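What follows is a single structure, written as C-alpha coordinates, with notes after it.
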Amino acid sequence: MQRPQGIIAVVGGAIAALGGALGLVFLLFPDLQPQPGSGAEMELVDVDLAKEEEIRADWTSAGGDKTGETVPWKASLVTVVLRNSGENPALVSQAQFDFSSITRVGCPYGGGGQEEVKARYDIKVPNNAKAPFQQIRKLKYSLSPHEQERIAFTVGPKTASEGVMPSVYTFTITLRLDDGSSLTTPKMTYMDPSGSEAVLTAGEQVARYGEKDSLTTVACLKE
(Lines give C-alpha, C1' and ligand atoms only; values in the text may rest on other atoms or scores of the structure.)
Protein backbone atom coordinates (compact mmCIF):
# COMPACT_ATOMS: atom_id res chain seq x y z
CA MET A 1 0.00 0.00 0.00
CA GLN A 2 2.95 2.32 0.54
CA ARG A 3 4.46 1.97 -2.94
CA PRO A 4 1.60 3.53 -5.01
CA GLN A 5 1.45 6.44 -2.61
CA GLY A 6 5.18 6.93 -3.05
CA ILE A 7 4.78 6.95 -6.85
CA ILE A 8 1.93 9.50 -6.61
CA ALA A 9 4.05 11.68 -4.35
CA VAL A 10 6.99 11.55 -6.76
CA VAL A 11 4.78 12.32 -9.78
CA GLY A 12 3.04 15.13 -7.92
CA GLY A 13 6.37 16.62 -6.94
CA ALA A 14 7.63 16.42 -10.52
CA ILE A 15 4.50 18.18 -11.85
CA ALA A 16 4.82 20.90 -9.21
CA ALA A 17 8.50 21.37 -10.08
CA LEU A 18 7.69 21.53 -13.81
CA GLY A 19 4.93 24.07 -13.15
CA GLY A 20 7.30 26.17 -11.08
CA ALA A 21 9.97 26.03 -13.79
CA LEU A 22 7.47 27.07 -16.48
CA GLY A 23 6.24 29.89 -14.27
CA LEU A 24 9.82 31.12 -13.87
CA VAL A 25 10.42 30.92 -17.64
CA PHE A 26 7.24 32.89 -18.39
CA LEU A 27 8.21 35.41 -15.71
CA LEU A 28 11.64 35.95 -17.26
CA PHE A 29 10.39 35.75 -20.86
CA PRO A 30 6.76 36.98 -20.95
CA ASP A 31 6.65 36.90 -24.76
CA LEU A 32 6.85 33.09 -24.62
CA GLN A 33 3.64 32.84 -22.60
CA PRO A 34 0.75 31.52 -24.74
CA GLN A 35 -2.00 34.11 -25.20
CA PRO A 36 -5.61 32.96 -24.98
CA GLY A 37 -7.42 33.54 -28.28
CA SER A 38 -10.84 35.14 -28.45
CA GLY A 39 -12.13 32.45 -30.80
CA ALA A 40 -13.64 35.15 -33.02
CA GLU A 41 -12.44 35.59 -36.59
CA MET A 42 -13.73 38.93 -37.87
CA GLU A 43 -13.44 40.12 -41.44
CA LEU A 44 -14.62 43.18 -43.34
CA VAL A 45 -16.95 42.03 -46.11
CA ASP A 46 -18.24 45.25 -47.69
CA VAL A 47 -18.60 49.02 -47.27
CA ASP A 48 -21.51 50.90 -48.83
CA LEU A 49 -22.42 54.59 -49.12
CA ALA A 50 -25.28 54.40 -51.61
CA LYS A 51 -28.25 54.22 -49.24
CA GLU A 52 -30.04 57.24 -47.83
CA GLU A 53 -32.55 57.65 -45.04
CA GLU A 54 -34.42 60.40 -43.23
CA ILE A 55 -33.41 61.29 -39.68
CA ARG A 56 -34.92 63.74 -37.24
CA ALA A 57 -33.58 67.26 -36.83
CA ASP A 58 -34.29 70.12 -34.42
CA TRP A 59 -34.67 73.71 -35.61
CA THR A 60 -32.97 76.23 -33.35
CA SER A 61 -33.06 80.03 -33.29
CA ALA A 62 -30.07 82.31 -33.84
CA GLY A 63 -29.52 82.33 -30.07
CA GLY A 64 -29.35 78.55 -29.93
CA ASP A 65 -32.81 77.96 -28.42
CA LYS A 66 -34.96 75.17 -29.79
CA THR A 67 -38.02 76.36 -31.70
CA GLY A 68 -39.89 73.18 -30.81
CA GLU A 69 -40.11 72.15 -34.45
CA THR A 70 -38.62 68.87 -35.67
CA VAL A 71 -38.19 68.20 -39.37
CA PRO A 72 -37.12 65.27 -41.54
CA TRP A 73 -33.50 65.58 -42.66
CA LYS A 74 -31.70 63.63 -45.34
CA ALA A 75 -28.69 61.54 -44.35
CA SER A 76 -26.43 59.15 -46.23
CA LEU A 77 -25.89 55.78 -44.57
CA VAL A 78 -22.34 54.51 -44.21
CA THR A 79 -22.84 50.76 -43.97
CA VAL A 80 -20.11 48.33 -42.92
CA VAL A 81 -20.71 44.58 -43.37
CA LEU A 82 -18.86 42.28 -40.94
CA ARG A 83 -18.56 38.50 -40.76
CA ASN A 84 -17.53 36.40 -37.75
CA SER A 85 -16.10 33.10 -38.96
CA GLY A 86 -14.96 32.03 -35.49
CA GLU A 87 -16.48 29.87 -32.78
CA ASN A 88 -17.07 32.62 -30.20
CA PRO A 89 -19.03 35.89 -30.24
CA ALA A 90 -17.16 39.07 -31.14
CA LEU A 91 -17.74 42.43 -29.50
CA VAL A 92 -17.13 45.67 -31.42
CA SER A 93 -16.42 48.26 -28.72
CA GLN A 94 -15.40 51.36 -30.69
CA ALA A 95 -15.71 53.08 -34.07
CA GLN A 96 -12.93 55.53 -34.90
CA PHE A 97 -13.54 58.00 -37.75
CA ASP A 98 -10.36 59.52 -39.23
CA PHE A 99 -11.11 62.46 -41.53
CA SER A 100 -8.28 63.25 -43.96
CA SER A 101 -10.23 65.98 -45.77
CA ILE A 102 -13.16 68.26 -44.89
CA THR A 103 -13.98 70.73 -47.68
CA ARG A 104 -16.88 73.12 -48.18
CA VAL A 105 -18.04 73.22 -51.79
CA GLY A 106 -17.07 76.79 -52.62
CA CYS A 107 -20.00 78.21 -54.55
CA PRO A 108 -22.29 80.93 -53.16
CA TYR A 109 -25.81 79.52 -53.15
CA GLY A 110 -27.76 82.20 -51.30
CA GLY A 111 -28.14 83.82 -47.92
CA GLY A 112 -28.49 81.59 -44.90
CA GLY A 113 -31.45 81.97 -42.60
CA GLN A 114 -31.30 83.13 -39.00
CA GLU A 115 -32.38 79.69 -37.88
CA GLU A 116 -30.24 76.58 -38.08
CA VAL A 117 -30.87 72.88 -37.89
CA LYS A 118 -29.23 70.37 -35.57
CA ALA A 119 -29.57 66.98 -37.22
CA ARG A 120 -29.35 63.81 -35.16
CA TYR A 121 -26.41 62.27 -36.97
CA ASP A 122 -24.51 59.41 -35.36
CA ILE A 123 -21.27 61.25 -36.18
CA LYS A 124 -21.62 65.03 -35.84
CA VAL A 125 -18.74 66.86 -37.50
CA PRO A 126 -18.12 70.36 -36.05
CA ASN A 127 -18.48 73.08 -38.68
CA ASN A 128 -15.02 74.47 -37.87
CA ALA A 129 -13.26 71.07 -37.89
CA LYS A 130 -9.99 71.00 -39.84
CA ALA A 131 -8.49 67.81 -41.25
CA PRO A 132 -6.82 65.68 -40.07
CA PHE A 133 -9.65 65.23 -37.61
CA GLN A 134 -10.68 62.23 -35.52
CA GLN A 135 -13.95 61.36 -33.86
CA ILE A 136 -14.59 58.29 -31.71
CA ARG A 137 -17.92 56.63 -30.93
CA LYS A 138 -18.23 53.91 -28.30
CA LEU A 139 -20.17 50.80 -29.27
CA LYS A 140 -21.49 47.62 -27.70
CA TYR A 141 -22.11 45.58 -30.81
CA SER A 142 -22.01 41.79 -30.49
CA LEU A 143 -21.69 39.49 -33.49
CA SER A 144 -22.54 35.81 -33.00
CA PRO A 145 -20.34 32.98 -34.35
CA HIS A 146 -20.70 32.28 -38.09
CA GLU A 147 -22.95 35.32 -38.56
CA GLN A 148 -22.82 38.30 -40.92
CA GLU A 149 -24.21 41.67 -39.85
CA ARG A 150 -24.33 45.32 -40.91
CA ILE A 151 -23.32 48.34 -38.83
CA ALA A 152 -24.61 51.65 -40.18
CA PHE A 153 -23.68 55.24 -39.33
CA THR A 154 -24.91 58.65 -40.43
CA VAL A 155 -22.27 61.36 -40.84
CA GLY A 156 -22.91 65.06 -41.24
CA PRO A 157 -22.36 68.61 -39.97
CA LYS A 158 -23.17 69.40 -36.36
CA THR A 159 -25.31 72.35 -37.44
CA ALA A 160 -26.51 73.74 -40.78
CA SER A 161 -28.52 76.76 -41.82
CA GLU A 162 -30.71 77.47 -44.84
CA GLY A 163 -28.59 78.00 -47.96
CA VAL A 164 -25.45 76.55 -46.35
CA MET A 165 -22.73 75.22 -48.64
CA PRO A 166 -22.44 71.42 -48.37
CA SER A 167 -19.29 69.73 -47.08
CA VAL A 168 -17.32 66.96 -48.76
CA TYR A 169 -15.78 64.46 -46.33
CA THR A 170 -12.98 61.97 -46.94
CA PHE A 171 -12.51 59.46 -44.11
CA THR A 172 -11.87 55.90 -42.98
CA ILE A 173 -13.56 53.95 -40.19
CA THR A 174 -11.60 51.72 -37.80
CA LEU A 175 -13.72 49.27 -35.81
CA ARG A 176 -11.98 48.08 -32.63
CA LEU A 177 -12.84 44.78 -30.93
CA ASP A 178 -12.61 43.98 -27.24
CA ASP A 179 -9.81 41.46 -27.92
CA GLY A 180 -7.55 44.28 -29.16
CA SER A 181 -7.89 43.59 -32.88
CA SER A 182 -9.26 46.11 -35.38
CA LEU A 183 -10.67 46.42 -38.91
CA THR A 184 -10.24 49.53 -41.09
CA THR A 185 -12.39 50.42 -44.09
CA PRO A 186 -10.98 51.74 -47.37
CA LYS A 187 -10.95 55.53 -47.71
CA MET A 188 -14.33 56.91 -48.77
CA THR A 189 -15.47 60.35 -49.97
CA TYR A 190 -18.98 61.75 -50.02
CA MET A 191 -20.88 65.05 -49.86
CA ASP A 192 -23.26 65.53 -46.96
CA PRO A 193 -26.81 65.99 -48.27
CA SER A 194 -27.65 68.98 -46.06
CA GLY A 195 -26.89 71.53 -48.78
CA SER A 196 -28.11 69.54 -51.78
CA GLU A 197 -31.36 71.50 -52.09
CA ALA A 198 -29.44 74.79 -52.06
CA VAL A 199 -27.26 73.51 -54.92
CA LEU A 200 -30.32 72.53 -56.96
CA THR A 201 -32.00 75.88 -56.28
CA ALA A 202 -28.90 77.76 -57.40
CA GLY A 203 -28.73 75.66 -60.55
CA GLU A 204 -32.37 76.40 -61.34
CA GLN A 205 -31.74 80.14 -60.87
CA VAL A 206 -28.81 80.09 -63.29
CA ALA A 207 -30.83 78.13 -65.84
CA ARG A 208 -33.82 80.47 -65.55
CA TYR A 209 -32.25 83.91 -65.14
CA GLY A 210 -28.67 83.48 -66.37
CA GLU A 211 -25.45 84.12 -64.49
CA LYS A 212 -25.82 87.92 -64.29
CA ASP A 213 -28.93 87.70 -62.12
CA SER A 214 -27.80 84.69 -60.05
CA LEU A 215 -25.53 84.27 -57.05
CA THR A 216 -23.39 81.55 -58.63
CA THR A 217 -21.99 80.48 -62.01
CA VAL A 218 -22.32 77.47 -64.27
CA ALA A 219 -18.57 76.75 -63.95
CA CYS A 220 -18.78 76.75 -60.16
CA LEU A 221 -21.78 74.43 -60.18
CA LYS A 222 -20.01 72.02 -62.50
CA GLU A 223 -17.00 71.97 -60.20
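By order in the C-alpha coordinates, chains are A, B, ...; within a chain, residues start at 1; ligands start at 1, following the order shown.
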Spatial neighbours of Lys74 in chain A, max dist 7 Å, only C-alpha atoms, sep filter under 2 positions, as a ChimeraX atom specification: /A:53-55,72,76,193-194
(message) So the first atom is CA of Leu91 in chain A and the second is CA of Pro145 in chain A; what is the distance between them in Å, to one decimal place?
(response)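 Atom-to-atom, CA of Leu91 in chain A and CA of Pro145 in chain A are spaced 10.9 Å apart.
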Of the candidates A:Arg104, A:Lys130, A:His146, A:Lys138, which one gets nearest to Glu43 in chain A if we count only C-alpha atoms?
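Under the stated criterion, the closest residue is A:His146.
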